[in-house]
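Here the structure comes first, spelled out in structure tokens, and everything after it is commentary.
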Amino acid sequence: MDIREQIEIGFEKLGKLLIRYPWAAILAMTLLTVGLGAGMGQLQVETSAETYLAKNDPARRVYDLFRKNFDNDDAFLIVIRSKNVFSAPFLEQLADYQSAMEERLPFLDEVNSLINARVTRGEENELIVEDLLEQMPQSEAEFAALKARVLANPLYKNILISEDGLTTAMIVKVLPGMAEPTETSLEDAFAEEVTGTDFPHATVFSPEELAQSMEVMLALKEEFERDDFEIHVTGDPQITYGLMQVMAVEMQMFLGATMIVIAITLLMFFRRLSGIALPMLVVFLPLSATLGLMGWVGLPITLSTQNMPTFLFAVCVGDAVHIICNFYQQLDSGVSREESITYALRHSGLAVLMTSVTTAGAMSTFAFSDLMPVAGLGFAAPAGVMLAFLYSTCLLPALLAVLPIRPKKHRATDTEDNDPPLTRMLIRLGDFCTGHAWLVTGLWMALVLASFYGAAQMRVSHQPIKWFPEGDPTRVAAEAADGDLKGSMPLEIVIDTQKENGLFDPETMNRIEALQDFVKIYHTDHLQAAHAISVIEILKETNQALHGNDPAYYSIPQERELIAQELLLFESSGSDDLEEMVDSSFRYARIHVPLRFEDGLHYIPYVEGLREKGNEIIGEDLHMTTTGLIMLYMRSFHVMINTTVQSYSLALIMIIPLMILIIGDLRLGLISIIPNLAPIIMGLGFMHFANVPFDMFSMTIGTIAIGVAVDDTIHFMHNFRRYYRGGDDARTAVRKTMRTTGSALLVTSVALCTGFYVQLMGNMISVQNFGMVTGFTIVAALFADITLAPALVTLAADFEKRKQDPLNGRLKQET
């Protein structure tokens with residue numbers, strides 16, 4: 001007796017134990033569900049760009065370092081359009097809007113707009129830093145003069161006012177309620193970033209804090225918006241909130257729709273109430289337990305794990321369906337309830353265990369990812385798959401033992417003629433594939449080659465704003481900022497002078513100015529900065545003000561003592577703007593460079609070119625570092641590619657030997673790899689032809705498809721091997737496999753693909769694409785298992801037979 005038979009006998013013994021003590025099993029599984037499910041109250045939602053990366057990721061650590069020591073750039077950018085910005089009605093409305101914001105918005109740090117824009121001037125040897133609209137203009141001439149001053153000021157252009165003067169902006173900086181100031185210096189923080197473990201990470205908005213802020217922000221928008229005061233709210237917090245809202249709504253919608261679709265599928269297949277209720281219950285309970293487990297261990301719902309409930313619900317139906325299908329077949333044939341339960345567990349238990357192990361193994365490869373949302377999926381999905389196995393093999397048989405399930409009318413004879421039409425159709429399909437094995441295999445190879453051509457041209461992308469559909473307020477607002485203000489995605493350049501008070505050196509300031517001037521004109525095919533601002537503007541303004549406001553002195557002083565005096569004088573003027581541009585030791589300077597929302601792929605050449613030329617400009621004695629949200633997007637893009645290659649490779653490395661071990665036959669195990677790989681290649685090729693980008697959502701499709709395709713292949717190969725090793729030839733073994741397993745494969749695949757196709761109802765383009773491609777891949781996997789797999793095992797059997805009896809093989813070929 002081999003290990004496979006021992007395991008099957010073990011499942012049979014389990015069935016007898018559950019029949020003897022069904023209520024004990026039901027009670028134990030209920031307590032497990034309640035205990036784990038209670039953790040759902042601890043579940044959090046995370047969608048911000050910072051949380052894509054681990055806290056110890058180099059890009060994340062540098063970004064946290066920047067935010068701690070310069071400026072927490074958690075900011076809403078409010079774009080306001082009007083036909084006449086420089087008019088009394090508009091500016092009065094803007095002032096009222098800003099006042100209401102300052103009074104009512106929680107976690108507010110500061111608000112900057114044209115109302116309080118910085119103006120630096122000199123008066124009788126005194127430096128005065130004041131708000132732009134200390135006094136509201138009274139006449140048309142004064143409004144015209146104000147407009148001319150604003151449009152001519154480089155500190156306002158594409159920051160607070162558009163080039164055409166028809167759009168203004170309000171920058172609303174916010175701080176999380178739990179944020180605490182840090183006294184860590186940049187020098188110490190950089191050292192910790194390199195060698196230490198106690199790194200001062202910046203605090204990120206909690207979902208509750210963000211929701212509170214957005215509720216007030218949206219209420220103010222509704223209150224103050226009018227025909228000539230068009231308000232668009234954007235910025236990273238708003239985009240994060242938009243994703244959170246969509247996820248919260250669509251997760252519930254998808255789960256409900258998936259339940260309905262799968263219930264209809266089960267009703268059509270089983271045509272009895274227990275055939276719907278039991279699989280749904282056995283799947284819903286482990287799903288609740290999995291979500292609760294995530295809450296207990298602190299795994300949040302993210303962009304990647306938001307699809308996990310649908311995945312688990314659809315995948316885990318397969319476990320229950322295979323067991324209950326065998327139970328019904330035996331029960332309807334006149335076998336007792338007890339014998340039907342033990343037969344179902346012995347016949348399907350090993351296959352269900354094998355499919356659960358391979359699916360969990362495939363999904364666990366994501367746990368090694370440096371992308372936190374994907375790594376979370378790598379922990380949660382395998383746990384959910386194995387919990388579903390536990391419920392299917394322990395709770396389901398116990399329920400079958402206690403519920404009053406009656407057999408349908410017994411069939412007079414157990415022949416193919418009495419099989420349901422669906423089963424007879426599958427048997428005929430198997431006959432065709434085994435009778436035309438070379439033709440079927442050739443057609444599949446042609447499809448795979450065509451798909452491989454498409455997969456090779458697949459478009460790689462990471463552009464979260466394009467996940468929102470056209471017309472969505474989040475996307476409209478971001479596009480308004482990009483269109484009117486030329487960009488709102490911050491790239492930050494930090495210059496390290498390598499010494500305290502290094503910014504007082506005129507040559508250093510000259511090189512920083514040269515770098516800043518280069519940034520303003522530097523461009524690639526897709527990107528050019530809207531502007532670049534730094535301490536240079538503050539220094540020039542101060543120098544001009546202290547020389548009688550003479551524009552000729554809008555320049556950098558070329559004496560160290562003058563630079564030191566002017567910067568310290570500005571610092572003592574009451575304005576905190578200098579704190580956002582330099583550190584307290586005047587060693588580090590920041591250059592703020594806004595860019596448009598673009599594909600993460602396009603940021604890479606822009607930043608690489610900027611670094612190369614920038615280092616030439618500043619010289620070897622200065623050090624340049626780039627950070628900001630753009631660098632997080634770039635790093636996420638890079639990690640996404642690495643994760644995909646790593647996950648797909650690990651999944652194949654893990655599954656190939658598992659398939660051979662599980663099927664128990666080297667040749668069949670190797671053959672089974674082909675119908676598993678073919679759907680993956682077809683899915684990737686379909687993405688190219690359907691113009692679906694390879695991004696944070698679609699990157700998981702391949703591994704999910706590997707896990708799902710393996711399930712069907714294992715069930716087919718497991719039963720084929722049973723009949724083939726029992727003495728049947730390959731064609732007969734395929735017929736019997738189609739008759740006993742084909743229907744279950746079909747119904748589980750229909751349940752799976754429809755479970756993902758319901759995501760076409762979603763609002764997010766990325767989610768629609770994910771559902772469409774995953775559903776297509778699952779359909780391809782089904783057809784590979786009911787057409788390509790029969791053809792391949794037939795060819796392999798024929799080859800083995802000719803090898804054993806070459807003369808007989810040649811005579812058959814000649815005949």
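Identifiers for the structure tokens are assigned positionally: chains receive A, B, ... in sequence, residues are indexed from 1 per chain, and ligands are indexed from 1 in the order shown.
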
field: Selection near range 220-237 of chain A, 7 Å with only C-alpha atoms, sequence-local residues under 5 positions removed, as a ChimeraX atom specification
entry: /A:74-83,97,474,477-478

Take the residues from that selection and put them in a file with all heavy atoms, as an mmCIF file, in the first residue's frame.
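To be explicit, this is the file written out as result_19.cif:
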data_model
loop_
_atom_site.group_PDB
_atom_site.id
_atom_site.type_symbol
_atom_site.label_atom_id
_atom_site.label_comp_id
_atom_site.auth_asym_id
_atom_site.auth_seq_id
_atom_site.Cartn_x
_atom_site.Cartn_y
_atom_site.Cartn_z
ATOM 1 N N ASP A 74 1.967 65.750 3.592
ATOM 2 C CA ASP A 74 0.568 65.343 3.569
ATOM 3 C C ASP A 74 -0.244 66.617 3.353
ATOM 4 O O ASP A 74 -0.519 67.371 4.298
ATOM 5 C CB ASP A 74 0.173 64.691 4.894
ATOM 6 C CG ASP A 74 0.497 63.217 4.922
ATOM 7 O OD1 ASP A 74 0.528 62.609 3.847
ATOM 8 O OD2 ASP A 74 0.740 62.694 6.013
ATOM 9 N N ALA A 75 -0.565 66.902 2.128
ATOM 10 C CA ALA A 75 -1.240 68.163 1.810
ATOM 11 C C ALA A 75 -2.342 67.936 0.785
ATOM 12 O O ALA A 75 -2.186 67.147 -0.150
ATOM 13 C CB ALA A 75 -0.233 69.187 1.285
ATOM 14 N N PHE A 76 -3.454 68.631 0.994
ATOM 15 C CA PHE A 76 -4.497 68.710 -0.018
ATOM 16 C C PHE A 76 -4.161 69.875 -0.940
ATOM 17 O O PHE A 76 -3.787 70.958 -0.475
ATOM 18 C CB PHE A 76 -5.859 68.953 0.625
ATOM 19 C CG PHE A 76 -6.353 67.827 1.476
ATOM 20 C CD1 PHE A 76 -6.187 67.862 2.854
ATOM 21 C CD2 PHE A 76 -6.987 66.734 0.914
ATOM 22 C CE1 PHE A 76 -6.641 66.837 3.662
ATOM 23 C CE2 PHE A 76 -7.454 65.703 1.703
ATOM 24 C CZ PHE A 76 -7.276 65.748 3.081
ATOM 25 N N LEU A 77 -4.290 69.653 -2.214
ATOM 26 C CA LEU A 77 -4.145 70.733 -3.187
ATOM 27 C C LEU A 77 -5.541 71.044 -3.720
ATOM 28 O O LEU A 77 -6.174 70.193 -4.340
ATOM 29 C CB LEU A 77 -3.216 70.329 -4.327
ATOM 30 C CG LEU A 77 -3.061 71.354 -5.452
ATOM 31 C CD1 LEU A 77 -2.445 72.643 -4.923
ATOM 32 C CD2 LEU A 77 -2.227 70.792 -6.593
ATOM 33 N N ILE A 78 -6.005 72.250 -3.444
ATOM 34 C CA ILE A 78 -7.341 72.646 -3.877
ATOM 35 C C ILE A 78 -7.201 73.575 -5.069
ATOM 36 O O ILE A 78 -6.593 74.650 -4.974
ATOM 37 C CB ILE A 78 -8.104 73.344 -2.734
ATOM 38 C CG1 ILE A 78 -8.170 72.414 -1.517
ATOM 39 C CG2 ILE A 78 -9.499 73.743 -3.185
ATOM 40 C CD1 ILE A 78 -8.852 73.017 -0.325
ATOM 41 N N VAL A 79 -7.722 73.140 -6.196
ATOM 42 C CA VAL A 79 -7.671 73.908 -7.437
ATOM 43 C C VAL A 79 -9.000 74.638 -7.583
ATOM 44 O O VAL A 79 -10.070 74.015 -7.557
ATOM 45 C CB VAL A 79 -7.429 72.990 -8.645
ATOM 46 C CG1 VAL A 79 -7.408 73.783 -9.938
ATOM 47 C CG2 VAL A 79 -6.112 72.223 -8.464
ATOM 48 N N ILE A 80 -8.939 75.964 -7.743
ATOM 49 C CA ILE A 80 -10.155 76.789 -7.815
ATOM 50 C C ILE A 80 -10.126 77.571 -9.120
ATOM 51 O O ILE A 80 -9.198 78.358 -9.372
ATOM 52 C CB ILE A 80 -10.243 77.746 -6.621
ATOM 53 C CG1 ILE A 80 -10.101 76.968 -5.302
ATOM 54 C CG2 ILE A 80 -11.558 78.525 -6.650
ATOM 55 C CD1 ILE A 80 -9.953 77.850 -4.090
ATOM 56 N N ARG A 81 -11.137 77.375 -9.935
ATOM 57 C CA ARG A 81 -11.223 78.030 -11.238
ATOM 58 C C ARG A 81 -12.250 79.156 -11.206
ATOM 59 O O ARG A 81 -13.287 79.053 -10.540
ATOM 60 C CB ARG A 81 -11.602 77.022 -12.327
ATOM 61 C CG ARG A 81 -10.516 75.999 -12.643
ATOM 62 C CD ARG A 81 -11.048 74.911 -13.549
ATOM 63 N NE ARG A 81 -9.995 74.029 -14.045
ATOM 64 C CZ ARG A 81 -10.220 72.872 -14.661
ATOM 65 N NH1 ARG A 81 -11.475 72.454 -14.833
ATOM 66 N NH2 ARG A 81 -9.213 72.143 -15.083
ATOM 67 N N SER A 82 -11.958 80.224 -11.968
ATOM 68 C CA SER A 82 -12.878 81.361 -12.048
ATOM 69 C C SER A 82 -12.587 82.127 -13.329
ATOM 70 O O SER A 82 -11.481 82.069 -13.873
ATOM 71 C CB SER A 82 -12.711 82.273 -10.835
ATOM 72 O OG SER A 82 -13.526 83.414 -10.947
ATOM 73 N N LYS A 83 -13.585 82.853 -13.785
ATOM 74 C CA LYS A 83 -13.376 83.711 -14.951
ATOM 75 C C LYS A 83 -12.569 84.950 -14.589
ATOM 76 O O LYS A 83 -11.937 85.565 -15.455
ATOM 77 C CB LYS A 83 -14.729 84.118 -15.551
ATOM 78 C CG LYS A 83 -15.525 82.950 -16.106
ATOM 79 C CD LYS A 83 -16.878 83.413 -16.632
ATOM 80 C CE LYS A 83 -17.684 82.237 -17.154
ATOM 81 N NZ LYS A 83 -19.043 82.659 -17.624
ATOM 82 N N TYR A 97 -13.532 81.136 2.407
ATOM 83 C CA TYR A 97 -13.269 79.693 2.269
ATOM 84 C C TYR A 97 -12.053 79.292 3.108
ATOM 85 O O TYR A 97 -12.077 78.297 3.835
ATOM 86 C CB TYR A 97 -13.048 79.382 0.785
ATOM 87 C CG TYR A 97 -12.858 77.916 0.434
ATOM 88 C CD1 TYR A 97 -13.533 76.906 1.095
ATOM 89 C CD2 TYR A 97 -11.991 77.556 -0.597
ATOM 90 C CE1 TYR A 97 -13.355 75.578 0.746
ATOM 91 C CE2 TYR A 97 -11.810 76.237 -0.959
ATOM 92 C CZ TYR A 97 -12.491 75.250 -0.275
ATOM 93 O OH TYR A 97 -12.311 73.929 -0.626
ATOM 94 N N THR A 474 -12.062 62.166 -8.266
ATOM 95 C CA THR A 474 -10.644 62.074 -7.913
ATOM 96 C C THR A 474 -9.768 62.268 -9.134
ATOM 97 O O THR A 474 -8.773 63.014 -9.099
ATOM 98 C CB THR A 474 -10.345 60.709 -7.263
ATOM 99 O OG1 THR A 474 -11.098 60.598 -6.043
ATOM 100 C CG2 THR A 474 -8.871 60.553 -6.963
ATOM 101 N N ALA A 477 -10.076 65.955 -10.528
ATOM 102 C CA ALA A 477 -9.326 66.926 -9.733
ATOM 103 C C ALA A 477 -7.833 66.831 -10.014
ATOM 104 O O ALA A 477 -7.143 67.857 -10.153
ATOM 105 C CB ALA A 477 -9.598 66.709 -8.252
ATOM 106 N N ALA A 478 -7.314 65.621 -10.093
ATOM 107 C CA ALA A 478 -5.885 65.454 -10.383
ATOM 108 C C ALA A 478 -5.543 65.980 -11.770
ATOM 109 O O ALA A 478 -4.497 66.622 -11.966
ATOM 110 C CB ALA A 478 -5.506 63.977 -10.266
#

### Exercise: range 584-591 of chain A partners within 6 Å, only C-alpha atoms, chain neighbours under 2 positions left out, as a VMD selection string
chain A and resid 492 to 497 499 to 503 533 to 534 581 to 582

- Query: Leu293 in chain A: which residues within 7 Å, counting only C-alpha atoms, same-chain residues fewer than 6 positions away excluded, as JSON, numbers by chain?
  - Reply: {"A": [36, 37, 39]}

key: Two-atom distance - CA of Arg346 in chain A, CA of Arg722 in chain A (Å)   =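 So the two atoms, CA of Arg346 in chain A and CA of Arg722 in chain A, lie 12.6 Å apart.
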
Minimum-distance residue to Arg20 in chain A, chosen among A:Gly775, A:Pro397, A:Pro557, A:Pro373 (using only C-alpha atoms):
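Between A:Gly775, A:Pro397, A:Pro557, A:Pro373, the residue approaching Arg20 in chain A most closely is A:Pro397.
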
Between A:Leu166, A:Arg721, A:Leu175, A:Ser87, smallest distance to Asp109 in chain A by only C-alpha atoms belongs to A:Leu175
